[in-house]
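Q: Here you go, one structure.
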Amino acid sequence: MTNCTAGVQLHGPCNPSDLAEQVARRSYGKLVAFLAARTGDVASAEDALSEAFAAALADWPRNGCPQNPEAWLMTVARRKFLDAYRSTQREAASEELEDTAAIPVDGENVEIPDRRLGLMFACAHPAIDAAIRAPLMLQAIMGLDAARIASAFLISPATMSQRLVRAKNKIRQAGIPLAIPERSQIRARLETVLDAIYAAFAEGWIDAAGTDVARRDLAEEAIYLGRVIVELLPNEPEGLGLLALMLHAESRRRARRNAEGDYIPLAQQDSSLWNAGMIAEAELLLHCAGAMNVVGRYQLEAAIQSAHAVRARTGQSDWAAIVQLYDALFAISGSPVAAVNRALAIAELHGAQRALEDLNAIASDPRLAEYQPYWAARAELLARIHARREAHYAYSIAIGLERDPAVRRFLEDRQKMVEE
Amino acid sequence: MQYLLTLYVDEAGFQRMTPEQQKQGMAAYMAYTEALKQAGAYVGSNRLQPVATATTVRSVDGKTQVLDGPYADSKEQLGGYFLIDAPDLDAALSWAARCPGALHGVIEVRPIWKM
């Protein structure tokens with residue numbers, strides 16, 4: 001199993017602000033999770049930690065970087081956290097704080113217990129509104145500020161802040177445990193955690209050109225969260241599947257746009273631009289997950305991406321495998337999205353006419369009316385059989401539903417081709 | 001922590017049941033109450049008289065208004081509650097899931113505000 005879980009390494013010594021940033025990235029969630037573990041007070045833990053980071057930026061340039069920056073930050077953050085708690089007398093806190101105070105972190109070689117997973121399960125708890133789970137995790141584990149998360153999720157910063165505050169209050173006041181669920185429930189509960197991570201990734205994925213830094217970073221942050229899951233729960237195949245899926249998608253980032261910023265669909269991408277390292281890692285993860293013999297949505301989606309990735313080696317996607325995998329995905333999810341993608345794979349194997357028949361069979365599903373990829377797929381298949389008028393109409397709907405200007409331009413160009 | 005489990009059920013449903021079914025329904029609540037006591041989670045519980053007996057009171061501009069009927073008219077009515085002691089929300093939710101009321105109504109789980 002160790003092959004599947006590469007640890008995250010901190011790079012060598014450097015200047016204090018770089019070091020603080022690296023520790024922030026690597027240790028933020030760990031420190032928040034540790035501080036909030038007993039009280040459930042995520043907001044106070046975050047406040048204490050940000051004070052500690054401010055203290056570090058003042059202290060380290062003067063006195064040099066500490067040997068163990070994480071322990072240094074923990075010592076300061078914990079003192080601030082305890083002070084704040086005692087001064088507000090919020091609850092009979094002493095008992096709950098004993099645990100926080102008990103671990104000596106002044107030494108150089110102290111291991112701070114990693115309780116990030118418990119914090120993630122709290123952020124994605126079924127009692128937390130599903131729409132705020134991904135933002136909450138990005139904030140509590142990754143330390144992203146509300147404004148950055150808000151812009152990535154297309155919500156006003158004030159609204160996002162309010163929702164995050166409300167969710168943290170609920171965790172504390174309703175007594176949502178910052179803990180790993182018991183064995184019998186872990187799979188079901190992990191699903192919401194993975195869904196939240198994937199939602200963060202999908203938001204980051206939308207901005208393929210990478211012009212929007214907040215979005216591009218979001219995809220990277222989501223991959224980082226996926227790595228944390230794989231590191232801490234190496235025997236959960238769906239966690240491995242999700243990381244494999246995200247890495248496959250991310251491996252194609254450079255190929256998704258040309259130098260002019262035009263959208264390049266998967267079939268036309270130059271596979272030499274794909275990131276071979278990420279693909280190799282994804283394949284290894286998927287292999288490890290497969291050995292555990294529990295199939296799930298994320299493994300199937302990753303396997304589909306894997307069947308596309310073989311094109312880099314063989315020059316051809318494995319369409320037969322792709323159709324089978326979409327069948328399996330449809331069987332467990334019942335999602336019309338799987339059916340739409342399956343139809344596109346059928347077109348490669350048996351032609352556009354057969355694919356359109358399949359698409360017509362699901363056309364009455366109301367979930368497809370506003371689903372852009374359905375209309376784009378329909379338009380493309382109609383264009384291939386030269387049903388120009390119908391293709392033109394389907395392209396119009398697809399264009400109207402698309403929010404990415406590059407994809408809109410691509411569809412407009414395709415639409416013009418059926419006009420001629 | 002203490003949690004209040006409030007039971008919202010269609011109280012007309014109980015009237016429609018045969019005496020035998022009513023007896024079974026009561027027995028299910030008795031068993032549930034016993035299980036809570038056995039686990040040391042039970043703090044208190046009560047069943048309420050039908051919503052037709054409800055009266056609402058409020059004070060407007062210093063004058064007391066009394067109205068016949070419940071505060072909120074809905075398909076399901078507040079029919080009773082359990083006050084329980086549970087280590088965290090997960091434990092409280094698993095008690096709510098076992099409550100017979102979850103089968104024929106909705107259970108709202110709220111933490112008690114500690115004074």
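Going by the structure tokens order, chains are called A, B, ..., each with residues numbered from 1, while ligands are numbered from 1 in the order shown.
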Determine, counting only C-alpha atoms, which protein, DNA and RNA residues have an atom within 7 Å of an atom of Asp85 of chain B; residues of the same chain fewer than 6 positions away are not included. Present the result as a PyMOL selection string.
A: chain B and resi 1-3+41-43
Q: If we count only C-alpha atoms, what is near segment 124-127 of chain A at a cut-off of 6 Å, once residues fewer than 5 positions away on the same chain are taken out, given as a list in words?
A: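 Close residues of segment 124-127 of chain A: Arg133, Thr192 and Val193 of chain A.
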Q: Using only C-alpha atoms for the distances, tell me which of A:Ala174, A:Ala43, A:Ala200, A:Ala58 is nearest to Lys114 of chain B.
A: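 Closest to Lys114 of chain B of all the choices is A:Ala174.
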Q: Just the helix (DSSP H, G or I) stuff from segment 31-77 of chain A, please, per backbone DSSP, written as JSON, numbers by chain.
A: {"A": [31, 32, 33, 34, 35, 36, 42, 43, 44, 45, 46, 47, 48, 49, 50, 51, 52, 53, 54, 55, 56, 57, 58, 59, 60, 61, 62, 63, 69, 70, 71, 72, 73, 74, 75, 76, 77]}
Q: Select from chain B everything DSSP, run on the backbone, classes as strand (DSSP E), then give the selection as a PyMOL selection string.
A: chain B and resi 2-9+42-47+55-60+63-68+77-85+105-111
Q: Neighbouring residues of segment 75-77 of chain B were defined as those with any atom within 7 Å, considering only C-alpha atoms; residues of the same chain fewer than 4 positions away were excluded. Please report them as a PyMOL selection string.
A: chain B and resi 8-11+51
Q: Taking 2 positions as the minimum chain separation for residues in the same chain, which residues sit within 9 Å of Thr33 of chain B when counting only C-alpha atoms? Answer as a PyMOL selection string.
A: chain B and resi 28-31+35-38+42+45+82+99
Q: Using C-alpha atoms, can you write the selected residues to a file as a PDB file, in the first residue's frame?
A:
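Just written: again.pdb:
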```
ATOM      1  CA  ALA B  28     -42.985   0.754  20.128  1.00  0.00           C
ATOM      2  CA  TYR B  29     -42.691   4.070  22.003  1.00  0.00           C
ATOM      3  CA  MET B  30     -42.498   2.232  25.336  1.00  0.00           C
ATOM      4  CA  ALA B  31     -39.690   0.049  24.023  1.00  0.00           C
ATOM      5  CA  ALA B  35     -33.860   1.581  25.447  1.00  0.00           C
ATOM      6  CA  LEU B  36     -33.027   5.238  26.094  1.00  0.00           C
ATOM      7  CA  LYS B  37     -33.197   4.638  29.866  1.00  0.00           C
ATOM      8  CA  GLN B  38     -31.091   1.495  29.595  1.00  0.00           C
ATOM      9  CA  TYR B  42     -33.039   9.385  28.785  1.00  0.00           C
ATOM     10  CA  SER B  45     -40.314  12.810  27.445  1.00  0.00           C
ATOM     11  CA  PHE B  82     -37.820  13.314  24.047  1.00  0.00           C
ATOM     12  CA  CYS B  99     -37.482   6.747  17.320  1.00  0.00           C
TER      13      CYS B  99
END
```
Q: Quick one: distance from atom CA of Arg110 of chain B to atom CA of Lys168 of chain A in Å, one decimal?
A: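 About the pair atom CA of Arg110 of chain B and atom CA of Lys168 of chain A: they are 15.8 Å apart.
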Q: Would you mind listing what lies within 12 Å of Asp88 of chain B as a short mmCIF file (atom, residue, chain, number, x, y, z; two decimals) with C-alpha atoms, in the first residue's frame, with only C-alpha atoms counted and same-chain residues fewer than 2 positions away left out?
A:
```cif
data_model
loop_
_atom_site.label_atom_id
_atom_site.label_comp_id
_atom_site.auth_asym_id
_atom_site.auth_seq_id
_atom_site.Cartn_x
_atom_site.Cartn_y
_atom_site.Cartn_z
CA ARG A 38 -12.27 18.88 21.66
CA THR A 39 -14.24 22.11 21.66
CA GLY A 40 -15.54 21.92 18.09
CA ALA A 122 -17.27 17.43 10.35
CA ILE A 171 -20.55 22.48 14.17
CA ARG A 172 -19.89 23.95 17.61
CA GLN A 173 -23.43 24.47 18.88
CA ALA A 174 -25.03 21.30 17.56
CA GLY A 175 -22.11 19.21 18.75
CA ILE A 176 -21.07 17.82 15.37
CA PRO A 177 -18.10 15.60 16.26
CA LEU A 178 -14.69 16.34 14.75
CA ALA A 179 -14.04 12.66 14.49
CA PRO A 181 -17.08 7.93 12.06
CA MET B 1 -24.77 17.45 25.62
CA GLN B 2 -28.53 17.48 25.83
CA TYR B 3 -30.68 17.36 22.72
CA ALA B 41 -29.52 8.69 27.53
CA ILE B 84 -31.92 13.04 25.72
CA ASP B 85 -28.30 13.12 26.75
CA ALA B 86 -25.82 12.28 23.98
CA ASP B 90 -24.05 11.81 15.61
CA ALA B 91 -25.19 9.97 18.72
CA ALA B 92 -28.31 12.16 18.95
CA LEU B 93 -29.11 11.54 15.28
CA SER B 94 -28.82 7.81 15.71
CA TRP B 95 -31.32 7.98 18.59
CA VAL B 109 -33.02 17.41 16.63
CA ARG B 110 -31.92 20.55 18.48
CA PRO B 111 -29.12 20.99 21.00
CA ILE B 112 -30.14 22.50 24.33
#
```
Q: Could you name the residues that touch segment 63-71 of chain B at 7 Å or less, counting only C-alpha atoms, but leaving out those on the same chain fewer than 3 positions away, as a ChimeraX atom specification?
A: /B:51-52,54-60
Q: List the spatial neighbours of Arg62 of chain A as a list of chain:residue names - criterion: any atom at most 12 Å away, only C-alpha atoms, same-chain residues fewer than 4 positions off excluded.
A: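 Neighbouring residues, sequence-local ones excluded: A:Asn15, A:Pro16, A:Ser17, A:Ala55, A:Ala56, A:Leu57, A:Ala58, A:Pro66.
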Q: Could you write out that same residue set with C-alpha atoms as a tab-separated table (two decimals), in the first residue's frame?
A:
```tsv
chain	number	residue	atom	x	y	z
A	15	ASN	CA	13.47	32.92	3.97
A	16	PRO	CA	10.93	33.38	6.80
A	17	SER	CA	7.92	34.44	4.75
A	55	ALA	CA	3.62	36.48	15.22
A	56	ALA	CA	5.83	34.21	13.11
A	57	LEU	CA	6.18	36.81	10.37
A	58	ALA	CA	7.30	39.31	13.02
A	66	PRO	CA	12.79	27.73	14.10
```
Q: Which is closer to chain B than all the others in A:Arg189, A:Arg166, A:Arg384, A:Arg115, using only C-alpha atoms?
A: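 That would be A:Arg189, the residue with the smallest distance to chain B.
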